[in-house]
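Here is target-v7.cif, consisting of mmCIF, C-alpha atoms:
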```
data_start
loop_
_atom_site.label_atom_id
_atom_site.label_comp_id
_atom_site.auth_asym_id
_atom_site.auth_seq_id
_atom_site.Cartn_x
_atom_site.Cartn_y
_atom_site.Cartn_z
CA MET F 1 40.25 -21.47 0.30
CA LYS F 2 37.72 -24.16 -0.50
CA LYS F 3 34.21 -22.90 -1.18
CA ASP F 4 32.65 -25.47 1.10
CA SER F 5 34.98 -25.01 4.05
CA MET F 6 33.38 -23.79 7.25
CA LEU F 7 35.58 -20.70 7.43
CA TYR F 8 34.72 -19.61 3.89
CA VAL F 9 30.98 -20.06 4.43
CA VAL F 10 31.02 -18.05 7.63
CA LEU F 11 33.24 -15.32 6.20
CA PHE F 12 31.24 -15.06 2.99
CA THR F 13 27.92 -14.80 4.81
CA PHE F 14 29.30 -12.28 7.24
CA ILE F 15 30.81 -10.04 4.58
CA VAL F 16 27.73 -10.12 2.35
CA CYS F 17 25.39 -9.32 5.22
CA ALA F 18 27.66 -6.57 6.57
CA ALA F 19 27.97 -4.94 3.16
CA PHE F 20 24.22 -4.86 2.46
CA VAL F 21 23.33 -3.73 5.96
CA LEU F 22 25.89 -0.95 5.72
CA VAL F 23 24.27 0.40 2.55
CA LEU F 24 20.82 0.26 4.16
CA ALA F 25 22.11 2.05 7.25
CA VAL F 26 23.55 4.81 5.07
CA ALA F 27 20.30 5.12 3.11
CA ASN F 28 18.29 5.25 6.31
CA GLU F 29 20.58 7.84 7.88
CA GLY F 30 20.54 9.95 4.72
CA THR F 31 16.74 10.11 4.49
CA LYS F 32 16.03 10.32 8.22
CA ASP F 33 15.39 14.07 8.27
CA LEU F 34 13.18 13.90 5.22
CA VAL F 35 11.11 11.08 6.72
CA ALA F 36 10.79 12.97 10.01
CA ALA F 37 9.70 16.10 8.13
CA ASN F 38 7.09 14.11 6.21
CA LYS F 39 5.76 12.68 9.43
CA GLU F 40 5.60 16.07 11.07
CA PHE F 41 3.79 17.50 8.05
CA ALA F 42 1.27 14.66 8.23
CA THR F 43 0.50 15.45 11.88
CA GLN F 44 0.44 19.20 11.33
CA SER F 45 -1.86 18.98 8.35
CA ALA F 46 -4.21 16.67 10.28
CA VAL F 47 -4.33 19.09 13.24
CA LEU F 48 -4.86 22.12 11.00
CA GLY F 49 -7.49 20.16 9.06
CA ALA F 50 -9.36 19.24 12.24
CA PHE F 51 -9.37 22.89 13.34
CA GLY F 52 -10.54 23.89 9.88
CA ILE F 53 -7.55 26.17 9.27
CA PRO F 54 -6.77 26.28 5.54
CA PHE F 55 -3.15 26.00 4.40
CA SER F 56 -1.27 25.49 1.16
CA GLY F 57 1.82 23.32 1.11
CA GLN F 58 4.27 22.12 3.68
CA ALA F 59 5.92 25.46 4.58
CA ASP F 60 2.58 27.23 5.03
CA ALA F 61 1.33 24.39 7.23
CA ALA F 62 4.40 24.63 9.47
CA ALA F 63 4.04 28.43 9.77
CA LYS F 64 0.30 28.31 10.57
CA TYR F 65 0.84 25.45 12.99
CA ALA F 66 3.51 27.46 14.80
CA SER F 67 1.51 30.70 14.93
CA GLU F 68 -2.06 29.60 15.57
CA ILE F 69 -1.88 26.40 17.56
CA ARG F 70 -0.92 25.87 21.16
CA ARG F 71 0.42 22.44 22.02
CA GLY F 72 -0.37 20.83 25.35
CA ASP F 73 0.26 17.42 26.87
CA ALA F 74 -2.38 17.16 29.54
CA GLY F 75 -2.72 13.76 31.16
CA GLY F 76 -0.05 12.03 29.07
CA TYR F 77 -1.61 12.34 25.62
CA ALA F 78 -1.21 14.91 22.90
CA SER F 79 -3.64 17.80 22.74
CA TRP F 80 -3.79 21.07 20.88
CA ALA F 81 -5.72 24.28 21.37
CA ALA F 82 -6.57 27.12 19.02
CA THR F 83 -8.78 30.20 18.97
CA ILE F 84 -10.64 30.64 15.71
CA ASP F 85 -12.83 33.73 15.20
CA GLY F 86 -12.94 34.30 18.94
CA THR F 87 -14.01 30.76 19.84
CA ASP F 88 -11.72 28.39 21.72
CA TYR F 89 -11.31 24.85 20.45
CA VAL F 90 -9.44 21.85 21.82
CA ALA F 91 -8.12 18.96 19.72
CA VAL F 92 -6.95 15.55 20.89
CA GLU F 93 -5.59 12.47 19.24
CA GLN F 94 -7.73 9.40 19.82
CA SER F 95 -7.11 5.82 18.72
CA GLY F 96 -9.32 2.79 18.85
CA ALA F 97 -10.00 -0.55 17.24
CA GLY F 98 -11.47 -0.55 13.75
CA LEU F 99 -12.55 -3.61 11.81
CA TRP F 100 -9.04 -4.62 10.71
CA GLY F 101 -6.67 -2.48 12.73
CA THR F 102 -6.25 0.62 14.81
CA ILE F 103 -7.89 3.82 13.63
CA SER F 104 -6.27 7.05 14.83
CA VAL F 105 -8.01 10.37 14.46
CA ILE F 106 -7.43 13.96 15.48
CA LEU F 107 -10.64 15.48 16.73
CA ALA F 108 -11.25 19.16 17.42
CA ALA F 109 -14.26 20.40 19.40
CA THR F 110 -15.30 23.15 21.79
CA PRO F 111 -13.73 22.65 25.27
CA ASP F 112 -17.08 21.46 26.74
CA ALA F 113 -17.42 18.97 23.84
CA GLY F 114 -20.70 20.65 22.91
CA ARG F 115 -19.91 21.07 19.24
CA VAL F 116 -17.42 19.31 16.99
CA ARG F 117 -15.08 21.48 14.95
CA GLY F 118 -13.63 18.81 12.67
CA ILE F 119 -12.01 15.39 12.43
CA ARG F 120 -9.07 14.09 10.43
CA VAL F 121 -8.01 10.44 10.13
CA VAL F 122 -4.31 9.99 10.83
CA ALA F 123 -4.01 6.23 10.36
CA GLN F 124 -6.37 3.40 9.40
CA ASN F 125 -6.24 -0.02 7.73
CA GLU F 126 -9.91 -0.47 6.84
CA THR F 127 -11.07 -2.14 3.63
CA PRO F 128 -10.23 0.17 0.72
CA GLY F 129 -13.41 1.46 -0.87
CA LEU F 130 -15.61 0.43 2.07
CA GLY F 131 -14.36 1.17 5.58
CA GLY F 132 -11.50 3.10 4.00
CA ARG F 133 -14.03 5.74 3.02
CA ILE F 134 -13.93 7.18 6.57
CA GLU F 135 -11.18 9.41 5.17
CA GLU F 136 -13.47 10.90 2.56
CA ALA F 137 -14.69 14.48 2.81
CA TRP F 138 -18.42 13.71 2.60
CA PHE F 139 -18.16 11.43 5.64
CA LEU F 140 -15.89 13.58 7.81
CA GLY F 141 -17.75 16.68 6.68
CA GLN F 142 -20.85 15.46 8.55
CA TYR F 143 -19.00 16.06 11.81
CA GLU F 144 -17.97 19.63 11.04
CA GLY F 145 -20.02 21.93 13.24
CA GLU F 146 -22.17 19.04 14.47
CA LYS F 147 -23.85 19.63 17.85
CA THR F 148 -23.33 16.78 20.31
CA THR F 149 -26.03 15.25 22.47
CA GLY F 150 -24.64 15.01 26.00
CA GLY F 151 -21.08 14.98 24.67
CA ALA F 152 -21.68 12.21 22.15
CA ILE F 153 -22.71 11.80 18.54
CA SER F 154 -24.84 8.86 17.52
CA MET F 155 -23.81 6.87 14.48
CA LYS F 156 -26.58 5.57 12.28
CA ALA F 157 -24.88 2.48 10.92
CA GLY F 158 -26.23 -0.64 9.25
CA ALA F 159 -29.96 -0.80 8.57
CA GLU F 160 -30.75 2.66 9.94
CA SER F 161 -28.15 4.30 7.73
CA SER F 162 -29.33 6.07 4.60
CA GLY F 163 -25.82 5.76 3.14
CA LYS F 164 -25.83 9.49 2.49
CA ALA F 165 -24.43 12.32 4.54
CA ASP F 166 -26.64 13.65 7.33
CA ALA F 167 -26.88 17.38 6.63
CA ASP F 168 -28.61 18.38 9.88
CA LYS F 169 -25.95 19.91 12.16
CA GLU F 170 -28.21 20.15 15.21
CA ASN F 171 -29.41 16.56 15.65
CA GLY F 172 -26.18 15.06 17.04
CA ARG F 173 -26.30 12.29 14.45
CA VAL F 174 -24.20 11.21 11.51
CA ASP F 175 -24.77 8.55 8.89
CA GLY F 176 -22.50 5.56 8.60
CA ILE F 177 -21.04 4.16 5.41
CA SER F 178 -23.17 1.55 3.72
CA GLY F 179 -21.24 -1.67 3.35
CA ALA F 180 -18.98 -0.74 6.26
CA THR F 181 -21.24 -1.10 9.28
CA ARG F 182 -18.58 -2.35 11.67
CA THR F 183 -16.07 0.31 10.70
CA SER F 184 -18.74 3.00 11.07
CA GLN F 185 -19.69 1.75 14.53
CA SER F 186 -16.03 1.65 15.59
CA PHE F 187 -15.51 5.12 14.23
CA GLY F 188 -18.50 6.40 16.18
CA ALA F 189 -17.09 4.89 19.38
CA ILE F 190 -13.66 6.44 18.75
CA VAL F 191 -15.25 9.86 18.21
CA ASP F 192 -17.24 9.57 21.45
CA ALA F 193 -14.10 8.56 23.37
CA GLY F 194 -12.31 11.51 21.78
CA LEU F 195 -15.10 13.87 22.80
CA ALA F 196 -14.85 12.64 26.39
CA ARG F 197 -11.13 13.31 26.25
CA VAL F 198 -11.72 16.80 24.85
CA LYS F 199 -14.05 17.51 27.75
CA ALA F 200 -11.48 16.27 30.28
CA THR F 201 -8.72 18.32 28.63
CA GLY F 202 -10.88 21.40 28.10
CA GLY F 203 -12.02 21.43 31.70
CA SER F 204 -8.48 21.24 33.05
CA ARG F 205 -7.28 24.24 31.06
CA MET R 1 22.13 -15.97 -31.13
CA LYS R 2 22.28 -13.66 -28.08
CA ASN R 3 19.42 -11.62 -29.43
CA SER R 4 17.21 -14.61 -29.88
CA LYS R 5 17.81 -15.61 -26.25
CA THR R 6 16.75 -12.24 -24.88
CA LEU R 7 13.66 -12.39 -27.07
CA THR R 8 12.86 -15.89 -25.86
CA ILE R 9 13.13 -14.76 -22.24
CA LEU R 10 10.84 -11.82 -22.95
CA LYS R 11 8.24 -14.00 -24.59
CA ASP R 12 8.51 -16.63 -21.88
CA ASN R 13 8.01 -14.24 -19.02
CA LEU R 14 5.22 -12.29 -20.63
CA TRP R 15 3.30 -15.16 -22.15
CA THR R 16 4.38 -18.82 -22.29
CA ASN R 17 5.75 -18.92 -18.73
CA ASN R 18 3.99 -15.91 -17.19
CA PRO R 19 4.54 -15.75 -13.41
CA ILE R 20 0.82 -15.28 -12.68
CA PHE R 21 -1.16 -17.48 -15.01
CA ILE R 22 1.37 -20.25 -15.70
CA GLN R 23 3.71 -20.36 -12.71
CA ILE R 24 0.92 -19.20 -10.32
CA LEU R 25 3.36 -17.15 -8.23
CA GLY R 26 2.68 -13.93 -6.37
CA ILE R 27 -1.06 -14.53 -6.10
CA CYS R 28 -1.41 -13.06 -2.59
CA SER R 29 -0.44 -9.60 -3.78
CA THR R 30 -2.76 -9.99 -6.75
CA LEU R 31 -5.66 -10.35 -4.36
CA ALA R 32 -4.54 -7.55 -2.10
CA VAL R 33 -3.63 -4.59 -4.27
CA THR R 34 -5.58 -4.89 -7.52
CA ASN R 35 -8.64 -2.90 -6.47
CA SER R 36 -6.89 0.35 -7.32
CA MET R 37 -4.78 0.94 -10.41
CA ARG R 38 -2.49 3.42 -8.71
CA ASN R 39 -1.53 1.00 -5.94
CA THR R 40 -1.17 -1.83 -8.44
CA MET R 41 1.13 0.25 -10.62
CA ILE R 42 3.41 1.17 -7.71
CA MET R 43 3.38 -2.33 -6.26
CA THR R 44 4.24 -3.99 -9.58
CA LEU R 45 6.96 -1.41 -10.27
CA GLY R 46 8.38 -2.26 -6.85
CA VAL R 47 8.31 -5.98 -7.60
CA THR R 48 9.92 -5.42 -11.00
CA PHE R 49 12.66 -3.28 -9.45
CA ALA R 50 13.35 -5.79 -6.67
CA THR R 51 13.25 -8.87 -8.94
CA ALA R 52 15.52 -7.36 -11.60
CA LEU R 53 18.14 -6.07 -9.20
CA SER R 54 18.17 -9.07 -6.90
CA SER R 55 18.52 -11.39 -9.91
CA LEU R 56 21.41 -9.24 -11.16
CA THR R 57 23.15 -9.24 -7.78
CA LEU R 58 22.61 -12.94 -7.09
CA SER R 59 23.82 -13.88 -10.54
CA GLY R 60 26.93 -11.76 -9.95
CA LEU R 61 27.57 -13.48 -6.63
CA LYS R 62 26.81 -17.01 -7.81
CA ASP R 63 30.42 -18.10 -8.42
CA LEU R 64 31.48 -16.97 -4.96
CA MET R 65 28.42 -18.30 -3.16
CA PRO R 66 28.71 -21.54 -1.16
CA ARG R 67 25.69 -23.76 -1.85
CA LYS R 68 25.04 -24.28 1.85
CA VAL R 69 24.08 -20.67 2.47
CA ARG R 70 22.53 -20.04 -0.95
CA MET R 71 19.01 -19.42 0.30
CA ILE R 72 20.06 -17.23 3.20
CA ILE R 73 22.05 -15.02 0.87
CA GLN R 74 19.14 -14.86 -1.60
CA VAL R 75 16.80 -13.68 1.12
CA VAL R 76 19.34 -11.13 2.37
CA VAL R 77 19.74 -9.66 -1.11
CA MET R 78 15.99 -9.51 -1.77
CA SER R 79 15.24 -7.94 1.59
CA PHE R 80 17.99 -5.45 0.92
CA TYR R 81 16.32 -4.15 -2.22
CA VAL R 82 12.85 -4.19 -0.73
CA ILE R 83 13.91 -2.27 2.37
CA LEU R 84 15.78 0.18 0.17
CA LEU R 85 12.60 0.70 -1.84
CA ASP R 86 10.61 1.18 1.35
CA ILE R 87 13.07 3.79 2.63
CA LEU R 88 12.98 5.68 -0.67
CA LEU R 89 9.17 5.67 -0.79
CA ARG R 90 8.94 6.89 2.78
CA ALA R 91 11.33 9.74 2.10
CA TYR R 92 10.22 10.87 -1.36
CA LEU R 93 6.64 9.62 -1.83
CA PRO R 94 5.12 9.63 1.68
CA ASP R 95 1.52 9.47 0.40
CA VAL R 96 2.20 6.37 -1.63
CA SER R 97 4.10 4.81 1.24
CA LYS R 98 1.15 5.42 3.57
CA GLN R 99 -1.34 3.97 1.08
CA LEU R 100 0.65 0.82 0.43
CA GLY R 101 1.38 0.38 4.12
CA PRO R 102 2.71 -3.11 4.79
CA TYR R 103 2.49 -4.23 1.15
CA VAL R 104 5.94 -2.89 0.23
CA GLY R 105 7.63 -4.90 2.96
CA LEU R 106 5.69 -7.95 1.84
CA ILE R 107 7.36 -7.86 -1.59
CA ILE R 108 10.09 -9.91 0.14
CA THR R 109 7.63 -12.77 0.42
CA ASN R 110 6.59 -12.53 -3.24
CA CYS R 111 7.46 -15.91 -4.67
CA ILE R 112 8.44 -14.44 -8.04
CA LEU R 113 11.67 -13.06 -6.57
CA MET R 114 12.76 -16.34 -5.05
CA GLY R 115 11.51 -18.25 -8.08
CA ARG R 116 13.60 -16.24 -10.54
CA ALA R 117 16.64 -16.32 -8.26
CA GLU R 118 16.48 -20.11 -7.98
CA ALA R 119 15.33 -20.95 -11.48
CA PHE R 120 17.29 -18.46 -13.54
CA ALA R 121 19.87 -16.27 -11.76
CA GLN R 122 21.61 -19.39 -10.37
CA ALA R 123 22.61 -20.57 -13.83
CA ASN R 124 22.91 -17.47 -16.01
CA LYS R 125 25.08 -14.40 -16.56
CA PRO R 126 24.23 -11.22 -14.56
CA LEU R 127 22.88 -9.14 -17.44
CA LEU R 128 20.70 -11.93 -18.70
CA ALA R 129 19.46 -12.52 -15.14
CA PHE R 130 18.65 -8.82 -14.85
CA TRP R 131 16.67 -9.01 -18.08
CA ASP R 132 14.88 -12.09 -16.85
CA GLY R 133 13.96 -10.41 -13.56
CA LEU R 134 12.79 -7.30 -15.36
CA THR R 135 10.60 -9.17 -17.84
CA SER R 136 9.18 -11.38 -15.08
CA GLY R 137 8.18 -8.21 -13.29
CA LEU R 138 6.60 -6.90 -16.48
CA GLY R 139 4.67 -10.13 -16.98
CA TYR R 140 3.38 -9.78 -13.43
CA MET R 141 2.56 -6.13 -14.03
CA ALA R 142 0.65 -6.81 -17.25
CA VAL R 143 -1.70 -9.31 -15.61
CA LEU R 144 -2.20 -7.29 -12.43
CA MET R 145 -2.92 -4.09 -14.32
CA ALA R 146 -5.47 -5.87 -16.50
CA ILE R 147 -7.22 -7.15 -13.37
CA ALA R 148 -6.98 -3.74 -11.71
CA VAL R 149 -8.67 -2.04 -14.66
CA VAL R 150 -11.71 -4.31 -14.31
CA ARG R 151 -11.82 -4.12 -10.51
CA GLU R 152 -11.41 -0.38 -10.23
CA LEU R 153 -13.80 0.36 -13.07
CA LEU R 154 -16.60 -1.81 -11.71
CA GLY R 155 -15.83 -1.35 -8.00
CA PHE R 156 -15.36 2.40 -7.91
CA GLY R 157 -16.41 3.55 -11.39
CA THR R 158 -13.01 5.19 -11.78
CA LEU R 159 -9.67 4.59 -13.54
CA PHE R 160 -6.53 5.85 -11.76
CA GLY R 161 -8.95 7.67 -9.44
CA LEU R 162 -10.61 9.58 -12.31
CA ARG R 163 -14.34 9.16 -12.70
CA VAL R 164 -15.18 7.24 -15.88
CA MET R 165 -18.58 5.71 -15.26
CA PRO R 166 -21.68 7.92 -15.33
CA GLU R 167 -23.02 9.38 -12.07
CA GLY R 168 -25.86 6.86 -11.76
CA PHE R 169 -23.54 3.85 -11.93
CA VAL R 170 -23.96 1.52 -8.96
CA ALA R 171 -20.53 0.30 -7.84
CA TRP R 172 -20.07 -3.45 -7.51
CA THR R 173 -18.93 -3.85 -3.91
CA ILE R 174 -17.65 -7.38 -4.57
CA MET R 175 -15.06 -5.96 -6.98
CA ILE R 176 -13.42 -4.03 -4.14
CA MET R 177 -13.14 -7.13 -1.96
CA ALA R 178 -10.39 -9.71 -2.38
CA PRO R 179 -12.67 -12.56 -3.61
CA SER R 180 -13.32 -10.81 -6.93
CA ALA R 181 -9.60 -11.07 -7.69
CA PHE R 182 -9.93 -14.85 -7.36
CA PHE R 183 -12.61 -14.91 -10.05
CA LEU R 184 -10.68 -12.58 -12.31
CA VAL R 185 -7.34 -14.36 -11.92
CA ALA R 186 -9.10 -17.64 -12.68
CA MET R 187 -10.67 -16.14 -15.80
CA VAL R 188 -7.30 -14.81 -16.98
CA MET R 189 -5.78 -18.26 -16.45
CA TRP R 190 -8.63 -19.91 -18.29
CA TRP R 191 -8.33 -17.53 -21.22
CA ALA R 192 -4.52 -17.73 -21.45
CA LYS R 193 -4.39 -21.49 -21.14
CA SER R 194 -7.10 -22.08 -23.75
CA VAL R 195 -5.39 -19.74 -26.20
CA GLN R 196 -2.07 -21.48 -25.59
CA ALA R 197 -3.59 -24.93 -25.91
CA LYS R 198 -5.28 -23.96 -29.16
CA ARG R 199 -2.04 -22.64 -30.62
CA GLU R 200 -0.19 -25.76 -29.51
CA ALA R 201 -2.77 -27.92 -31.25
CA ALA R 202 -2.56 -25.82 -34.42
CA ARG R 203 1.25 -26.12 -34.39
CA LYS R 204 1.06 -29.91 -34.09
CA GLU R 205 -1.47 -30.01 -36.86
CA ALA R 206 0.81 -28.01 -39.13
CA LYS R 207 3.75 -30.38 -38.46
CA LYS R 208 1.87 -33.44 -39.58
#
```

Can the structure in the file be given as structure tokens, please?
Amino acid sequence: MKKDSMLYVVLFTFIVCAAFVLVLAVANEGTKDLVAANKEFATQSAVLGAFGIPFSGQADAAAKYASEIRRGDAGGYASWAATIDGTDYVAVEQSGAGLWGTISVILAATPDAGRVRGIRVVAQNETPGLGGRIEEAWFLGQYEGEKTTGGAISMKAGAESSGKADADKENGRVDGISGATRTSQSFGAIVDAGLARVKATGGSR
Amino acid sequence: MKNSKTLTILKDNLWTNNPIFIQILGICSTLAVTNSMRNTMIMTLGVTFATALSSLTLSGLKDLMPRKVRMIIQVVVMSFYVILLDILLRAYLPDVSKQLGPYVGLIITNCILMGRAEAFAQANKPLLAFWDGLTSGLGYMAVLMAIAVVRELLGFGTLFGLRVMPEGFVAWTIMIMAPSAFFLVAMVMWWAKSVQAKREAARKEAKK
């Protein structure tokens, strides 16, 4: 068959594409369970992290998640509940616009949204080293145990920010990240929306 | 004879015809990933893997390949390796996969792959094409890692995430942002081209 004939070109292209796609399909099928397990571990560790439940490794996370956390789906979005040292907490997943893309967090608080338990970032595409620092412990740590003011926490971003963590847990305020004013503001808005959702979920339980 | 050719390819791809500072290919990823050494390392390893194997495959297919569909087949083969890499990262290194996000998929658009496929794999034997792809990837890696060292050190005060600079060091925010990579790439080009020009002049002088 001539290399430039129509039939050869079509056959060649078809066979090459089919062969490569077949290999990819096999690779995808073969790693599907592993990828799903990784994803589940990511969610579980974020939920446990938000509730402040310590765990070590993937198996421990799965066990603690199964034994200590109650899953609910009130109002069409994911929510979780747990009782830690006799206090009830509710966690919800909340997404919102960041500077570059969607930021998703899991936020745990008391059912009346009066006090935050903890926050974990599930997904974000902020500038590495600036907005990307919302994942860092010093920033998220400000929220742990923070009292809300009327179900919200004010974000001191931009000029009012000291660029350091706000250590006062009773003032309902956290400090933004210097150099990432817009991300900090967006993050504050996402947390407030999450707190409103916690209140709605907590009340309906 | 054969040995000298492999050596020439190595020298070409690392120095005299380096993909970054001579061919000016793959600059977008240079701007995007070089603010952290860990990401740069993984990204450049990915590019090296994809370039080497796609060059090998395309060189193997070149006698069967009709010219009309040459580019389509090249893109299919490159995407194949990049998607494979993405699947493997997602399954075995989920943290890395999450950090790199869309960058892995974007290796497909890295001009070095297409450049080597068109310029070298088209006309050479598979093993030699593999070697060419590999060394091109290494040339890319060498420059990107050099830039990443400067950016991470000044931007974060760390190397591979480990603190190197003293506590009081004020991080240079500009180094974290993409524009700093422009300055640094330009400086690397300036340095490499002046060194090469000087050597060229010295060689001509010696011939006289």

Enumerate, in order of chain and increasing residue number, the residues of chain R with an atom no farther than 9 Å from chain F, each with its shortest atom pair and distance in Å to one decimal, counting all atoms listed in the file, as CSV.
```
residue,atom,partner,partner_atom,distance
R:Asn35,CA,F:Pro128,CA,8.0
R:Ser36,CA,F:Pro128,CA,8.7
R:Leu64,CA,F:Lys3,CA,7.5
R:Met65,CA,F:Phe12,CA,7.5
R:Pro66,CA,F:Lys3,CA,5.7
R:Arg67,CA,F:Asp4,CA,7.8
R:Lys68,CA,F:Val9,CA,7.7
R:Val69,CA,F:Val9,CA,7.2
R:Ile72,CA,F:Thr13,CA,8.4
R:Ile73,CA,F:Thr13,CA,7.1
R:Val76,CA,F:Cys17,CA,6.9
R:Val77,CA,F:Phe20,CA,7.5
R:Phe80,CA,F:Phe20,CA,6.4
R:Tyr81,CA,F:Leu24,CA,9.0
R:Ile83,CA,F:Leu24,CA,7.6
R:Leu84,CA,F:Leu24,CA,6.4
R:Ile87,CA,F:Asn28,CA,6.6
R:Leu88,CA,F:Thr31,CA,7.8
R:Arg90,CA,F:Val35,CA,6.1
R:Ala91,CA,F:Val35,CA,4.8
R:Tyr92,CA,F:Leu34,CA,7.8
R:Pro94,CA,F:Asn38,CA,6.7
R:Lys98,CA,F:Ala123,CA,8.6
R:Gly101,CA,F:Asn125,CA,8.4
R:Gly155,CA,F:Gly129,CA,8.0
R:Phe156,CA,F:Gly129,CA,7.4
R:Thr173,CA,F:Gly179,CA,7.9
R:Ile176,CA,F:Gly129,CA,6.4
R:Met177,CA,F:Thr127,CA,7.8
```

Open item on the list: Please report the interatomic distance between CA of Leu140 (chain F) and CA of Gly157 (chain R) in Å with one decimal.
Closed with: 21.7 Å

- [ ] Give as a PyMOL selection string every residue, naming chains and numbers as the document does, that has an atom within 7 Å of (15.6, -19.0, -4.3), counting all atoms listed in the file.
- [x] chain R and resi 71+74+114-115+117-118

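Of the residues under consideration (R:Val143, R:Pro19, R:Glu152, R:Phe130), R:Val143 shows the shortest atom-to-atom contact distance to Trp191 (chain R) when counting only C-alpha atoms.
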
- [ ] State, in Å with one decimal place, the distance from CA of Glu68 (chain F) to CA of Gly145 (chain F).
- [x]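 Taking CA of Glu68 (chain F) as the start and CA of Gly145 (chain F) as the end point, the length is 19.7 Å.
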
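For the atom pair formed by CA of Ile9 (chain R) and CA of Leu106 (chain R), the distance is 26.1 Å, given to one decimal.
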
Open item on the list: If we count only C-alpha atoms and set the cut-off at 12 Å, which residues sit around Asn17 (chain R), ignoring sequence neighbours fewer than 3 positions away in its own chain? Please answer as number ranges by chain.
Closed with: R: 8-14, 20-25, 112, 116, 132, 135-136, 139-140, 189, 192-193, 196
